[in-house]
Amino acid sequence: MLIFDFSVIGNKLFSFRKKMGMTQAEVAEAAGLSDRTYADIERGSVNMRIETVLKICEALHITPDEILTEDHFSVTSQEAELLTRLNACSPKDKETALRLLSVYLQSLS
């Protein structure tokens with residue numbers, strides 16, 4: 001099933017970018033976009049052309065199917081809300097939150 005909610009697509013891009021260990025600036029540069037444009041895409045506040053989707057997917061080494069469909073990546077509404085709130089944070093606060101989550105998850109092992 002295709003996803004038409006740009007905030008869900010943005011959250012998926014955020015997750016894939018973090019898995020790749022890349023910054024927004026690195027993805028933007030690799031995709032030939034401005035940092036601001038890519039940040040807006042992750043926030044879900046901008047509509048993308050198909051060429052932009054393809055460039056971002058190439059930069060992240062993923063297929064368009066992985067971000068445009070629900071079959072490959074399932075996000076609960078609670079997870080989507082947390083990702084949306086995280087994306088709204090300042091870069092410093094976002095990094096702090098991710099470090100805290102990482103430490104917590106490591107403590108579970």
# chains A, B, ... in the order shown; residues from 1 in each chain; ligands from 1

call {"tool": "residues_around", "arguments": {"residues": "Arg17 (chain A)", "least_positions_apart": "5", "cutoff": "10 Å", "atoms": "only C-alpha atoms", "output": "list in words"}}
result
Asn11, Lys12, Met22, Thr23, Gln24, Glu26, Val27, Glu42, Ile56, Ala59, Leu60 and His61 of chain A

call {"tool": "select_by_dssp", "arguments": {"residues": "chain A", "states": "helix (DSSP H, G or I)", "output": "PyMOL selection string"}}
result
chain A and resi 6-20+24-31+35-43+50-60+64-68+77-87+91-108

call {"tool": "write_last_selection", "arguments": {"atoms": "C-alpha atoms", "output": "PDB file, in the first residue's frame"}}
result
ATOM      1  CA  PHE A   6       4.642  13.132   3.972  1.00  0.00           C
ATOM      2  CA  SER A   7       5.351  13.084   7.711  1.00  0.00           C
ATOM      3  CA  VAL A   8       5.370   9.255   7.662  1.00  0.00           C
ATOM      4  CA  ILE A   9       7.725   9.303   4.661  1.00  0.00           C
ATOM      5  CA  GLY A  10       9.911  11.845   6.463  1.00  0.00           C
ATOM      6  CA  ASN A  11      10.039   9.674   9.573  1.00  0.00           C
ATOM      7  CA  LYS A  12      11.037   6.685   7.475  1.00  0.00           C
ATOM      8  CA  LEU A  13      13.808   8.722   5.824  1.00  0.00           C
ATOM      9  CA  PHE A  14      14.966   9.825   9.268  1.00  0.00           C
ATOM     10  CA  SER A  15      15.134   6.202  10.437  1.00  0.00           C
ATOM     11  CA  PHE A  16      17.041   5.017   7.377  1.00  0.00           C
ATOM     12  CA  ARG A  17      19.447   7.973   7.622  1.00  0.00           C
ATOM     13  CA  LYS A  18      20.179   7.186  11.268  1.00  0.00           C
ATOM     14  CA  LYS A  19      20.717   3.500  10.440  1.00  0.00           C
ATOM     15  CA  MET A  20      23.256   4.601   7.830  1.00  0.00           C
ATOM     16  CA  GLN A  24      21.037  15.459   7.169  1.00  0.00           C
ATOM     17  CA  ALA A  25      23.781  17.513   5.504  1.00  0.00           C
ATOM     18  CA  GLU A  26      25.486  14.368   4.186  1.00  0.00           C
ATOM     19  CA  VAL A  27      22.264  13.011   2.683  1.00  0.00           C
ATOM     20  CA  ALA A  28      21.424  16.423   1.229  1.00  0.00           C
ATOM     21  CA  GLU A  29      24.844  16.711  -0.399  1.00  0.00           C
ATOM     22  CA  ALA A  30      24.741  13.162  -1.776  1.00  0.00           C
ATOM     23  CA  ALA A  31      21.262  13.795  -3.203  1.00  0.00           C
ATOM     24  CA  ASP A  35      20.373  21.122   3.748  1.00  0.00           C
ATOM     25  CA  ARG A  36      17.166  23.076   4.357  1.00  0.00           C
ATOM     26  CA  THR A  37      15.244  21.215   1.655  1.00  0.00           C
ATOM     27  CA  TYR A  38      16.272  17.822   3.003  1.00  0.00           C
ATOM     28  CA  ALA A  39      15.416  18.872   6.581  1.00  0.00           C
ATOM     29  CA  ASP A  40      11.975  19.989   5.370  1.00  0.00           C
ATOM     30  CA  ILE A  41      11.507  16.627   3.620  1.00  0.00           C
ATOM     31  CA  GLU A  42      12.315  14.724   6.829  1.00  0.00           C
ATOM     32  CA  ARG A  43       9.867  16.955   8.699  1.00  0.00           C
ATOM     33  CA  ILE A  50       9.897  11.660  -8.093  1.00  0.00           C
ATOM     34  CA  GLU A  51      13.416  12.714  -9.131  1.00  0.00           C
ATOM     35  CA  THR A  52      14.036  13.914  -5.583  1.00  0.00           C
ATOM     36  CA  VAL A  53      12.751  10.652  -4.112  1.00  0.00           C
ATOM     37  CA  LEU A  54      15.096   8.705  -6.379  1.00  0.00           C
ATOM     38  CA  LYS A  55      18.117  10.866  -5.485  1.00  0.00           C
ATOM     39  CA  ILE A  56      17.460  10.510  -1.756  1.00  0.00           C
ATOM     40  CA  CYS A  57      16.981   6.756  -2.070  1.00  0.00           C
ATOM     41  CA  GLU A  58      20.248   6.478  -3.963  1.00  0.00           C
ATOM     42  CA  ALA A  59      22.025   8.516  -1.275  1.00  0.00           C
ATOM     43  CA  LEU A  60      20.635   6.233   1.449  1.00  0.00           C
ATOM     44  CA  PRO A  64      11.736   3.936  -3.232  1.00  0.00           C
ATOM     45  CA  ASP A  65       9.509   1.036  -2.205  1.00  0.00           C
ATOM     46  CA  GLU A  66      11.099   1.083   1.248  1.00  0.00           C
ATOM     47  CA  ILE A  67       9.894   4.627   1.965  1.00  0.00           C
ATOM     48  CA  LEU A  68       6.759   4.875  -0.157  1.00  0.00           C
ATOM     49  CA  SER A  77       1.152   5.601  15.662  1.00  0.00           C
ATOM     50  CA  GLN A  78       3.067   5.932  18.942  1.00  0.00           C
ATOM     51  CA  GLU A  79       6.409   5.497  17.147  1.00  0.00           C
ATOM     52  CA  ALA A  80       5.390   7.977  14.455  1.00  0.00           C
ATOM     53  CA  GLU A  81       4.422  10.518  17.132  1.00  0.00           C
ATOM     54  CA  LEU A  82       7.760  10.078  18.900  1.00  0.00           C
ATOM     55  CA  LEU A  83       9.661  10.444  15.622  1.00  0.00           C
ATOM     56  CA  THR A  84       7.682  13.563  14.748  1.00  0.00           C
ATOM     57  CA  ARG A  85       8.437  15.079  18.149  1.00  0.00           C
ATOM     58  CA  LEU A  86      12.097  14.095  17.837  1.00  0.00           C
ATOM     59  CA  ASN A  87      12.333  15.686  14.378  1.00  0.00           C
ATOM     60  CA  PRO A  91      19.945  19.143  16.634  1.00  0.00           C
ATOM     61  CA  LYS A  92      21.541  19.189  20.101  1.00  0.00           C
ATOM     62  CA  ASP A  93      18.358  18.013  21.853  1.00  0.00           C
ATOM     63  CA  LYS A  94      17.812  15.354  19.190  1.00  0.00           C
ATOM     64  CA  GLU A  95      21.339  14.007  19.681  1.00  0.00           C
ATOM     65  CA  THR A  96      20.835  13.935  23.461  1.00  0.00           C
ATOM     66  CA  ALA A  97      17.538  12.056  23.108  1.00  0.00           C
ATOM     67  CA  LEU A  98      19.100   9.517  20.738  1.00  0.00           C
ATOM     68  CA  ARG A  99      22.035   8.947  23.088  1.00  0.00           C
ATOM     69  CA  LEU A 100      19.665   8.410  26.009  1.00  0.00           C
ATOM     70  CA  LEU A 101      17.634   5.916  23.998  1.00  0.00           C
ATOM     71  CA  SER A 102      20.806   4.126  22.909  1.00  0.00           C
ATOM     72  CA  VAL A 103      22.025   3.797  26.502  1.00  0.00           C
ATOM     73  CA  TYR A 104      18.609   2.544  27.596  1.00  0.00           C
ATOM     74  CA  LEU A 105      18.417  -0.057  24.827  1.00  0.00           C
ATOM     75  CA  GLN A 106      21.948  -1.263  25.609  1.00  0.00           C
ATOM     76  CA  SER A 107      20.941  -1.702  29.252  1.00  0.00           C
ATOM     77  CA  LEU A 108      18.232  -4.134  28.159  1.00  0.00           C
TER      78      LEU A 108
END

call {"tool": "atom_distance", "arguments": {"atom1": "CA of Leu2 (chain A)", "atom2": "CA of Glu70 (chain A)"}}
result
6.6 Å

call {"tool": "atom_distance", "arguments": {"atom1": "CA of Ala88 (chain A)", "atom2": "CA of Val46 (chain A)"}}
result
14.7 Å

call {"tool": "atom_distance", "arguments": {"atom1": "CA of Ser90 (chain A)", "atom2": "CA of Gly44 (chain A)"}}
result
16.1 Å

call {"tool": "closest_residue", "arguments": {"among": "A:Gly32, A:Thr63, A:Thr69, A:Thr76", "to": "Met1 (chain A)", "atoms": "only C-alpha atoms"}}
result
A:Thr69
